[in-house]
Amino acid sequence: MSGGDKLEFEIRPNPAPVSVADRAALLANPGFGRVFTDHMVTIRYADGKGWYDARVEARAPIPMDPASAVLHYAQEIFEGLKAYQSVDGGVTLFRPEANAARFAASARRMAMPELPEQVFLESLHHLVDIDREWIPSVEGGSLYLRPFMFASEVFLGVRPANEYLYVLIASPVGSYFPGGVQPVTVWVSPDYTRAAPGGTGAAKCGGNYAASLVAQAEAIEHGCDQVVFLDAVERRWVDELGGMNVFFVYDDGTLVTPPLTGTILPGITRESVLRLAERAGHTVAERPVSFEQWQADAGSGRLREVFACGTAAVITPIGEVRHPGGSFTVGDGGPGAVTLSVRQQLVDIQRGAADDEYGWVRRVR
């Protein structure tokens, strides 16, 4: 069946998978994004035909013509989510429907065809099912899933492409930050911005990340782990980190995060934190936070904790903030009680160790 909301996937098992012994050695310390499983999913799209040729096959290089549209005009989007070993021995996915919806929203913004939600979800289930032995058992380990889509048409005209390729790959991972749940140091970029009103800030496209790399390199030069971007108009309001949303925790227990105004990626972990914090009795608010206010509130003690959140890093406390005029710490510089509590709630739900009253967890068949 082609072009509809449901596709039949052709399963082609890898004829030469990694051996059990070699796989075990790789999973002992997988790091992040350097080890990959035996298989991938591919689905093609063509105008007038729709989605077709859905396959689960051996992971391999993608043949690409030098004139493929993505190489010239960057029509590309991606997602990131994880599969977990649950406490009962099964495998779970956390809010994959939300990833499917954001993938479709990114496609609309980038003038690309939308992959039907059911097809997106089926691709995840097929790959996790065939590669479930790649889920690491190390503490904090998971199987990171990377769905992406790009313009594959061989054409140099400036217009939306007529042909696309959807690919799903998987990578067993440990902790995003090697030190585990330790406070990170961030650099507030004085010169670079991540996105502007009317731009692609709310889409999960590669161009947003490419634009952030020079600022991330600057952060590393200043001894920091991550960069913080301010808004592109006034260069005053906190937007987000290079790859994560940010939360501020105040002395009255209120959690504040910058609002979604089109320049910030609508993080799934971000939205989950808002709901979990509210359920725990915290006041939550989406409102602008200026860098000046961040510094002043940290100095007065009104601001007790700050943390970043995202699929890869989950919840990461921010301890020190560096900027061209100096630096300051938040609280005592260590992970705060609210930060650790929210993180533990998320981890427990993801792994099936806590009640899932929101219906966020989907079990893999």
# chains A, B, ... in the order shown; residues from 1 in each chain; ligands from 1
call {"tool": "closest_atom_pairs", "arguments": {"of": "segment 242-308 of chain A", "to": "segment 330-340 of chain A", "cutoff": "9 Å", "atoms": "only C-alpha atoms", "output": "JSON lines"}}
result
{"residue": "A:Val249", "atom": "CA", "partner": "A:Val338", "partner_atom": "CA", "distance": 7.7}
{"residue": "A:Gly253", "atom": "CA", "partner": "A:Val338", "partner_atom": "CA", "distance": 8.2}
{"residue": "A:Ala277", "atom": "CA", "partner": "A:Val338", "partner_atom": "CA", "distance": 8.8}
{"residue": "A:Gln295", "atom": "CA", "partner": "A:Val330", "partner_atom": "CA", "distance": 8.7}
{"residue": "A:Asp297", "atom": "CA", "partner": "A:Val330", "partner_atom": "CA", "distance": 8.9}
{"residue": "A:Ala298", "atom": "CA", "partner": "A:Val330", "partner_atom": "CA", "distance": 5.3}
{"residue": "A:Gly299", "atom": "CA", "partner": "A:Val330", "partner_atom": "CA", "distance": 7.9}
{"residue": "A:Gly301", "atom": "CA", "partner": "A:Gly331", "partner_atom": "CA", "distance": 6.8}
{"residue": "A:Arg302", "atom": "CA", "partner": "A:Gly331", "partner_atom": "CA", "distance": 9.0}
{"residue": "A:Leu303", "atom": "CA", "partner": "A:Val330", "partner_atom": "CA", "distance": 7.0}
{"residue": "A:Arg304", "atom": "CA", "partner": "A:Gly331", "partner_atom": "CA", "distance": 4.8}
{"residue": "A:Glu305", "atom": "CA", "partner": "A:Gly336", "partner_atom": "CA", "distance": 5.9}
{"residue": "A:Val306", "atom": "CA", "partner": "A:Val330", "partner_atom": "CA", "distance": 7.0}
{"residue": "A:Phe307", "atom": "CA", "partner": "A:Thr339", "partner_atom": "CA", "distance": 6.7}
call {"tool": "residues_around", "arguments": {"residues": "Thr185 of chain A", "least_positions_apart": "2", "cutoff": "8 Å", "atoms": "only C-alpha atoms", "output": "list in words"}}
result
Pro183, Trp187, Gly223, Cys224, Asp225, Gln226, Ile318, Gly319, Glu320, Val321 and Arg322 of chain A
call {"tool": "write_last_selection", "arguments": {"atoms": "N, CA, C and O atoms", "output": "compact mmCIF listing (two decimals), in the first residue's frame"}}
result
# COMPACT_ATOMS: atom_id res chain seq x y z
N PRO A 183 26.18 19.37 37.88
CA PRO A 183 25.90 20.70 37.33
C PRO A 183 26.84 21.04 36.18
O PRO A 183 28.03 20.72 36.22
N TRP A 187 27.68 29.30 29.03
CA TRP A 187 28.19 30.56 28.52
C TRP A 187 27.05 31.32 27.85
O TRP A 187 26.37 30.78 26.98
N GLY A 223 35.55 27.50 28.76
CA GLY A 223 35.48 26.46 29.79
C GLY A 223 34.09 26.04 30.15
O GLY A 223 33.87 25.52 31.26
N CYS A 224 33.13 26.22 29.24
CA CYS A 224 31.73 25.90 29.54
C CYS A 224 31.27 24.67 28.76
O CYS A 224 31.83 24.30 27.73
N ASP A 225 30.22 24.05 29.28
CA ASP A 225 29.66 22.85 28.65
C ASP A 225 28.64 23.18 27.56
O ASP A 225 28.50 22.43 26.60
N GLN A 226 27.91 24.27 27.75
CA GLN A 226 26.82 24.60 26.84
C GLN A 226 26.72 26.12 26.66
O GLN A 226 27.19 26.89 27.51
N ILE A 318 22.13 23.45 36.11
CA ILE A 318 23.09 24.49 35.71
C ILE A 318 23.66 25.10 36.99
O ILE A 318 22.91 25.64 37.81
N GLY A 319 24.97 25.01 37.16
CA GLY A 319 25.59 25.49 38.38
C GLY A 319 26.21 26.87 38.26
O GLY A 319 26.01 27.74 39.09
N GLU A 320 26.97 27.08 37.18
CA GLU A 320 27.67 28.35 37.00
C GLU A 320 27.31 28.96 35.66
O GLU A 320 27.15 28.24 34.65
N VAL A 321 27.18 30.27 35.64
CA VAL A 321 26.86 31.01 34.42
C VAL A 321 28.00 31.98 34.15
O VAL A 321 28.34 32.82 34.99
N ARG A 322 28.60 31.87 32.97
CA ARG A 322 29.68 32.76 32.58
C ARG A 322 29.23 33.65 31.44
O ARG A 322 28.46 33.25 30.57
call {"tool": "closest_residue", "arguments": {"among": "A:Val314, A:Phe94, A:Val184, A:Thr37", "to": "Gln344 of chain A", "atoms": "only C-alpha atoms"}}
result
A:Val314
call {"tool": "atom_distance", "arguments": {"atom1": "atom CA of Val273 of chain A", "atom2": "atom CA of Ser123 of chain A"}}
result
26.7 Å
call {"tool": "residues_around", "arguments": {"residues": "Ala202 of chain A", "least_positions_apart": "5", "cutoff": "8 Å", "atoms": "only C-alpha atoms", "output": "PDB file with C-alpha atoms, in the first residue's frame"}}
result
ATOM      1  CA  SER A 106       8.725  20.708  11.367  1.00  0.00           C
ATOM      2  CA  GLY A 262       8.237  30.723  17.592  1.00  0.00           C
ATOM      3  CA  THR A 263      11.959  31.060  18.301  1.00  0.00           C
ATOM      4  CA  ILE A 264      12.181  28.231  20.844  1.00  0.00           C
ATOM      5  CA  LEU A 265      11.897  24.517  20.112  1.00  0.00           C
ATOM      6  CA  PRO A 266       8.762  23.133  21.808  1.00  0.00           C
TER       7      PRO A 266
END
call {"tool": "residues_around", "arguments": {"residues": "Tyr209 of chain A", "least_positions_apart": "3", "cutoff": "9 Å", "atoms": "only C-alpha atoms", "output": "list in words"}}
result
Arg194, Lys204, Cys205, Gly206, Ser212, Leu213, Gly242 and Gly243 of chain A
call {"tool": "closest_residue", "arguments": {"among": "A:Asn162, A:Ser290, A:Gln85, A:Ser68", "to": "Leu143 of chain A", "atoms": "only C-alpha atoms"}}
result
A:Gln85
call {"tool": "select_by_dssp", "arguments": {"residues": "segment 115-294 of chain A", "states": "alpha helix (DSSP H)", "output": "compact mmCIF listing (two decimals) with N, CA and C atoms, in the first residue's frame"}}
result
# COMPACT_ATOMS: atom_id res chain seq x y z
N GLU A 117 1.26 9.99 11.27
CA GLU A 117 1.64 9.58 12.62
C GLU A 117 1.75 8.07 12.75
N GLN A 118 0.80 7.33 12.20
CA GLN A 118 0.81 5.88 12.35
C GLN A 118 2.04 5.27 11.69
N VAL A 119 2.46 5.81 10.56
CA VAL A 119 3.65 5.30 9.88
C VAL A 119 4.90 5.61 10.71
N PHE A 120 4.96 6.82 11.24
CA PHE A 120 6.08 7.21 12.12
C PHE A 120 6.19 6.24 13.29
N LEU A 121 5.07 5.97 13.96
CA LEU A 121 5.07 5.10 15.13
C LEU A 121 5.43 3.66 14.75
N GLU A 122 4.90 3.20 13.62
CA GLU A 122 5.23 1.84 13.17
C GLU A 122 6.72 1.70 12.88
N SER A 123 7.31 2.73 12.32
CA SER A 123 8.75 2.65 12.04
C SER A 123 9.55 2.47 13.34
N LEU A 124 9.14 3.19 14.38
CA LEU A 124 9.82 3.06 15.68
C LEU A 124 9.68 1.65 16.23
N HIS A 125 8.47 1.14 16.20
CA HIS A 125 8.21 -0.19 16.76
C HIS A 125 8.99 -1.26 16.00
N HIS A 126 9.02 -1.17 14.69
CA HIS A 126 9.74 -2.17 13.90
C HIS A 126 11.23 -2.17 14.23
N LEU A 127 11.83 -0.97 14.29
CA LEU A 127 13.27 -0.93 14.52
C LEU A 127 13.63 -1.36 15.94
N VAL A 128 12.86 -0.88 16.92
CA VAL A 128 13.15 -1.27 18.30
C VAL A 128 12.95 -2.77 18.48
N ASP A 129 11.94 -3.32 17.83
CA ASP A 129 11.66 -4.74 17.97
C ASP A 129 12.80 -5.60 17.42
N ILE A 130 13.32 -5.23 16.25
CA ILE A 130 14.36 -6.05 15.64
C ILE A 130 15.73 -5.82 16.29
N GLY A 206 18.15 20.73 10.93
CA GLY A 206 19.59 20.75 11.12
C GLY A 206 20.19 22.14 11.07
N GLY A 207 19.59 23.03 10.28
CA GLY A 207 20.15 24.37 10.15
C GLY A 207 20.21 25.13 11.46
N ASN A 208 19.22 24.91 12.33
CA ASN A 208 19.24 25.57 13.64
C ASN A 208 20.47 25.16 14.44
N TYR A 209 20.82 23.89 14.35
CA TYR A 209 21.95 23.38 15.13
C TYR A 209 23.26 23.80 14.50
N ALA A 210 23.30 23.83 13.16
CA ALA A 210 24.52 24.30 12.49
C ALA A 210 24.82 25.74 12.89
N ALA A 211 23.77 26.55 12.98
CA ALA A 211 23.95 27.95 13.34
C ALA A 211 24.42 28.13 14.78
N SER A 212 24.20 27.12 15.62
CA SER A 212 24.58 27.22 17.03
C SER A 212 26.01 26.78 17.30
N LEU A 213 26.64 26.14 16.34
CA LEU A 213 27.91 25.49 16.63
C LEU A 213 29.06 26.46 16.90
N VAL A 214 29.07 27.59 16.20
CA VAL A 214 30.15 28.55 16.46
C VAL A 214 30.02 29.12 17.87
N ALA A 215 28.78 29.31 18.33
CA ALA A 215 28.57 29.78 19.70
C ALA A 215 28.92 28.70 20.70
N GLN A 216 28.63 27.44 20.37
CA GLN A 216 29.00 26.34 21.25
C GLN A 216 30.52 26.22 21.36
N ALA A 217 31.20 26.43 20.24
CA ALA A 217 32.67 26.41 20.26
C ALA A 217 33.20 27.54 21.14
N GLU A 218 32.55 28.69 21.08
CA GLU A 218 32.93 29.82 21.93
C GLU A 218 32.74 29.47 23.40
N ALA A 219 31.64 28.78 23.69
CA ALA A 219 31.38 28.36 25.07
C ALA A 219 32.48 27.44 25.58
N ILE A 220 32.90 26.51 24.75
CA ILE A 220 33.96 25.58 25.14
C ILE A 220 35.26 26.33 25.38
N GLU A 221 35.54 27.33 24.54
CA GLU A 221 36.75 28.14 24.72
C GLU A 221 36.76 28.84 26.08
N ILE A 268 9.58 18.28 24.14
CA ILE A 268 8.65 17.32 24.73
C ILE A 268 8.98 17.11 26.20
N THR A 269 10.28 17.09 26.52
CA THR A 269 10.67 17.01 27.93
C THR A 269 10.22 18.28 28.66
N ARG A 270 10.35 19.43 28.01
CA ARG A 270 9.90 20.71 28.58
C ARG A 270 8.43 20.64 28.97
N GLU A 271 7.60 20.20 28.05
CA GLU A 271 6.15 20.15 28.32
C GLU A 271 5.84 19.12 29.40
N SER A 272 6.60 18.03 29.43
CA SER A 272 6.41 17.01 30.46
C SER A 272 6.77 17.56 31.84
N VAL A 273 7.85 18.33 31.91
CA VAL A 273 8.26 18.93 33.19
C VAL A 273 7.18 19.87 33.70
N LEU A 274 6.60 20.68 32.84
CA LEU A 274 5.53 21.59 33.26
C LEU A 274 4.38 20.83 33.91
N ARG A 275 3.99 19.72 33.31
CA ARG A 275 2.86 18.96 33.84
C ARG A 275 3.22 18.21 35.11
N LEU A 276 4.41 17.65 35.18
CA LEU A 276 4.82 16.93 36.38
C LEU A 276 4.99 17.88 37.57
N ALA A 277 5.57 19.05 37.31
CA ALA A 277 5.76 20.02 38.39
C ALA A 277 4.43 20.51 38.92
N GLU A 278 3.49 20.75 38.03
CA GLU A 278 2.16 21.20 38.46
C GLU A 278 1.47 20.12 39.27
N ARG A 279 1.62 18.87 38.84
CA ARG A 279 1.02 17.76 39.58
C ARG A 279 1.62 17.65 40.98
N PHE A 291 18.24 38.13 31.02
CA PHE A 291 19.53 37.73 31.59
C PHE A 291 19.84 38.56 32.83
N GLU A 292 19.49 39.84 32.79
CA GLU A 292 19.73 40.70 33.95
C GLU A 292 18.98 40.20 35.18
N GLN A 293 17.74 39.77 34.96
CA GLN A 293 16.94 39.26 36.08
C GLN A 293 17.50 37.95 36.60
N TRP A 294 17.96 37.10 35.68
CA TRP A 294 18.58 35.83 36.07
C TRP A 294 19.75 36.10 37.02
call {"tool": "atom_distance", "arguments": {"atom1": "atom CA of Phe247 of chain A", "atom2": "atom CA of Cys309 of chain A"}}
result
7.9 Å
call {"tool": "closest_residue", "arguments": {"among": "A:Val364, A:Ala25, A:Ala280, A:Leu115", "to": "Thr254 of chain A", "atoms": "only C-alpha atoms"}}
result
A:Ala280
call {"tool": "residues_around", "arguments": {"residues": "Arg159 of chain A", "least_positions_apart": "6", "cutoff": "12 Å", "atoms": "only C-alpha atoms", "output": "MDAnalysis selection string"}}
result
chainID A and resid 69:70 72:75 110:112 151 153
call {"tool": "write_last_selection", "arguments": {"atoms": "C-alpha atoms", "output": "PDB file, in the first residue's frame"}}
result
ATOM      1  CA  ALA A  69      18.483  19.044  -3.080  1.00  0.00           C
ATOM      2  CA  VAL A  70      19.292  18.679   0.646  1.00  0.00           C
ATOM      3  CA  HIS A  72      22.215  22.687  -1.524  1.00  0.00           C
ATOM      4  CA  TYR A  73      19.091  24.024   0.196  1.00  0.00           C
ATOM      5  CA  ALA A  74      19.057  22.162   3.521  1.00  0.00           C
ATOM      6  CA  GLN A  75      15.527  20.773   3.423  1.00  0.00           C
ATOM      7  CA  MET A 110      10.256  23.376   5.930  1.00  0.00           C
ATOM      8  CA  ALA A 111       7.791  22.838   3.026  1.00  0.00           C
ATOM      9  CA  MET A 112       8.172  19.053   3.241  1.00  0.00           C
ATOM     10  CA  ALA A 151      15.048  16.242   0.192  1.00  0.00           C
ATOM     11  CA  GLU A 153      15.415  14.890  -5.446  1.00  0.00           C
TER      12      GLU A 153
END
call {"tool": "residues_around", "arguments": {"residues": "Arg34 of chain A", "least_positions_apart": "3", "cutoff": "10 Å", "atoms": "only C-alpha atoms", "output": "list in words"}}
result
Leu26, Pro30, Gly31, Ser171, Pro172 and Val173 of chain A
call {"tool": "closest_residue", "arguments": {"among": "A:Ala54, A:Ala296, A:Leu346, A:Ala170", "to": "Ile135 of chain A", "atoms": "only C-alpha atoms"}}
result
A:Ala170
call {"tool": "atom_distance", "arguments": {"atom1": "atom CA of Ala24 of chain A", "atom2": "atom CA of Leu168 of chain A"}}
result
22.6 Å
call {"tool": "closest_residue", "arguments": {"among": "A:Ser152, A:Thr42, A:Thr261, A:Thr200", "to": "Leu71 of chain A", "atoms": "only C-alpha atoms"}}
result
A:Ser152
call {"tool": "residues_around", "arguments": {"residues": "Leu81 of chain A", "least_positions_apart": "5", "cutoff": "8 Å", "atoms": "only C-alpha atoms", "output": "number ranges by chain"}}
result
A: 93-94, 96, 99, 144-146, 311-312
call {"tool": "write_last_selection", "arguments": {"atoms": "all heavy atoms", "output": "PDB file, in the first residue's frame"}}
result
ATOM      1  N   LEU A  93       8.630   3.224  25.083  1.00  0.00           N
ATOM      2  CA  LEU A  93       8.914   4.488  24.412  1.00  0.00           C
ATOM      3  C   LEU A  93       8.184   5.572  25.183  1.00  0.00           C
ATOM      4  O   LEU A  93       7.077   5.361  25.671  1.00  0.00           O
ATOM      5  CB  LEU A  93       8.420   4.475  22.964  1.00  0.00           C
ATOM      6  CG  LEU A  93       9.054   3.467  22.013  1.00  0.00           C
ATOM      7  CD1 LEU A  93       8.285   3.431  20.690  1.00  0.00           C
ATOM      8  CD2 LEU A  93      10.517   3.816  21.762  1.00  0.00           C
ATOM      9  N   PHE A  94       8.796   6.756  25.264  1.00  0.00           N
ATOM     10  CA  PHE A  94       8.204   7.856  26.019  1.00  0.00           C
ATOM     11  C   PHE A  94       7.630   8.903  25.070  1.00  0.00           C
ATOM     12  O   PHE A  94       8.358   9.540  24.332  1.00  0.00           O
ATOM     13  CB  PHE A  94       9.257   8.492  26.927  1.00  0.00           C
ATOM     14  CG  PHE A  94       8.731   9.609  27.796  1.00  0.00           C
ATOM     15  CD1 PHE A  94       7.870   9.337  28.851  1.00  0.00           C
ATOM     16  CD2 PHE A  94       9.089  10.929  27.551  1.00  0.00           C
ATOM     17  CE1 PHE A  94       7.380  10.359  29.652  1.00  0.00           C
ATOM     18  CE2 PHE A  94       8.612  11.963  28.355  1.00  0.00           C
ATOM     19  CZ  PHE A  94       7.747  11.674  29.406  1.00  0.00           C
ATOM     20  N   PRO A  96       5.993   8.932  22.132  1.00  0.00           N
ATOM     21  CA  PRO A  96       6.365   8.972  20.712  1.00  0.00           C
ATOM     22  C   PRO A  96       5.351   9.714  19.850  1.00  0.00           C
ATOM     23  O   PRO A  96       5.710  10.251  18.800  1.00  0.00           O
ATOM     24  CB  PRO A  96       6.443   7.487  20.333  1.00  0.00           C
ATOM     25  CG  PRO A  96       5.525   6.803  21.305  1.00  0.00           C
ATOM     26  CD  PRO A  96       5.701   7.555  22.592  1.00  0.00           C
ATOM     27  N   ASN A  99       6.486  13.186  19.487  1.00  0.00           N
ATOM     28  CA  ASN A  99       7.554  13.312  18.497  1.00  0.00           C
ATOM     29  C   ASN A  99       6.994  13.275  17.082  1.00  0.00           C
ATOM     30  O   ASN A  99       7.449  14.013  16.197  1.00  0.00           O
ATOM     31  CB  ASN A  99       8.574  12.187  18.667  1.00  0.00           C
ATOM     32  CG  ASN A  99       9.391  12.329  19.934  1.00  0.00           C
ATOM     33  OD1 ASN A  99       9.058  11.712  20.939  1.00  0.00           O
ATOM     34  ND2 ASN A  99      10.441  13.125  19.901  1.00  0.00           N
ATOM     35  N   TYR A 144      18.802   5.350  21.805  1.00  0.00           N
ATOM     36  CA  TYR A 144      18.430   6.644  21.238  1.00  0.00           C
ATOM     37  C   TYR A 144      17.982   6.441  19.799  1.00  0.00           C
ATOM     38  O   TYR A 144      18.700   5.833  18.983  1.00  0.00           O
ATOM     39  CB  TYR A 144      19.614   7.599  21.297  1.00  0.00           C
ATOM     40  CG  TYR A 144      19.287   8.998  20.837  1.00  0.00           C
ATOM     41  CD1 TYR A 144      18.662   9.904  21.688  1.00  0.00           C
ATOM     42  CD2 TYR A 144      19.600   9.416  19.551  1.00  0.00           C
ATOM     43  CE1 TYR A 144      18.360  11.192  21.272  1.00  0.00           C
ATOM     44  CE2 TYR A 144      19.304  10.694  19.129  1.00  0.00           C
ATOM     45  CZ  TYR A 144      18.676  11.579  19.989  1.00  0.00           C
ATOM     46  OH  TYR A 144      18.376  12.846  19.566  1.00  0.00           O
ATOM     47  N   LEU A 145      16.794   6.940  19.483  1.00  0.00           N
ATOM     48  CA  LEU A 145      16.216   6.785  18.153  1.00  0.00           C
ATOM     49  C   LEU A 145      16.283   8.107  17.408  1.00  0.00           C
ATOM     50  O   LEU A 145      15.865   9.145  17.931  1.00  0.00           O
ATOM     51  CB  LEU A 145      14.764   6.315  18.260  1.00  0.00           C
ATOM     52  CG  LEU A 145      14.571   5.002  19.029  1.00  0.00           C
ATOM     53  CD1 LEU A 145      13.093   4.737  19.281  1.00  0.00           C
ATOM     54  CD2 LEU A 145      15.194   3.843  18.262  1.00  0.00           C
ATOM     55  N   ARG A 146      16.778   8.076  16.197  1.00  0.00           N
ATOM     56  CA  ARG A 146      16.941   9.287  15.410  1.00  0.00           C
ATOM     57  C   ARG A 146      16.185   9.138  14.060  1.00  0.00           C
ATOM     58  O   ARG A 146      16.723   8.645  13.082  1.00  0.00           O
ATOM     59  CB  ARG A 146      18.419   9.567  15.168  1.00  0.00           C
ATOM     60  CG  ARG A 146      18.746  10.693  14.189  1.00  0.00           C
ATOM     61  CD  ARG A 146      18.074  12.005  14.489  1.00  0.00           C
ATOM     62  NE  ARG A 146      18.452  12.551  15.763  1.00  0.00           N
ATOM     63  CZ  ARG A 146      19.515  13.317  15.991  1.00  0.00           C
ATOM     64  NH1 ARG A 146      20.352  13.596  15.017  1.00  0.00           N
ATOM     65  NH2 ARG A 146      19.728  13.805  17.201  1.00  0.00           N
ATOM     66  N   THR A 311      15.580  15.565  25.422  1.00  0.00           N
ATOM     67  CA  THR A 311      15.554  14.107  25.308  1.00  0.00           C
ATOM     68  C   THR A 311      16.912  13.492  25.623  1.00  0.00           C
ATOM     69  O   THR A 311      17.012  12.511  26.362  1.00  0.00           O
ATOM     70  CB  THR A 311      15.124  13.703  23.889  1.00  0.00           C
ATOM     71  OG1 THR A 311      13.793  14.159  23.656  1.00  0.00           O
ATOM     72  CG2 THR A 311      15.154  12.189  23.728  1.00  0.00           C
ATOM     73  N   ALA A 312      17.965  14.056  25.060  1.00  0.00           N
ATOM     74  CA  ALA A 312      19.290  13.456  25.225  1.00  0.00           C
ATOM     75  C   ALA A 312      19.784  13.549  26.659  1.00  0.00           C
ATOM     76  O   ALA A 312      20.231  12.568  27.252  1.00  0.00           O
ATOM     77  CB  ALA A 312      20.284  14.118  24.274  1.00  0.00           C
TER      78      ALA A 312
END
call {"tool": "select_by_dssp", "arguments": {"residues": "segment 179-216 of chain A", "states": "strand (DSSP E or B)", "output": "list in words"}}
result
Val184, Thr185, Val186, Trp187 and Val188 of chain A
call {"tool": "write_last_selection", "arguments": {"atoms": "C-alpha atoms", "output": "PDB file, in the first residue's frame"}}
result
ATOM      1  CA  VAL A 184      27.086  22.119  34.034  1.00  0.00           C
ATOM      2  CA  THR A 185      28.631  25.501  33.353  1.00  0.00           C
ATOM      3  CA  VAL A 186      27.037  27.635  30.631  1.00  0.00           C
ATOM      4  CA  TRP A 187      28.192  30.560  28.522  1.00  0.00           C
ATOM      5  CA  VAL A 188      25.788  33.383  27.642  1.00  0.00           C
TER       6      VAL A 188
END
call {"tool": "closest_residue", "arguments": {"among": "A:Pro317, A:Pro113, A:Gly157, A:Pro136", "to": "Ser86 of chain A", "atoms": "only C-alpha atoms"}}
result
A:Pro136
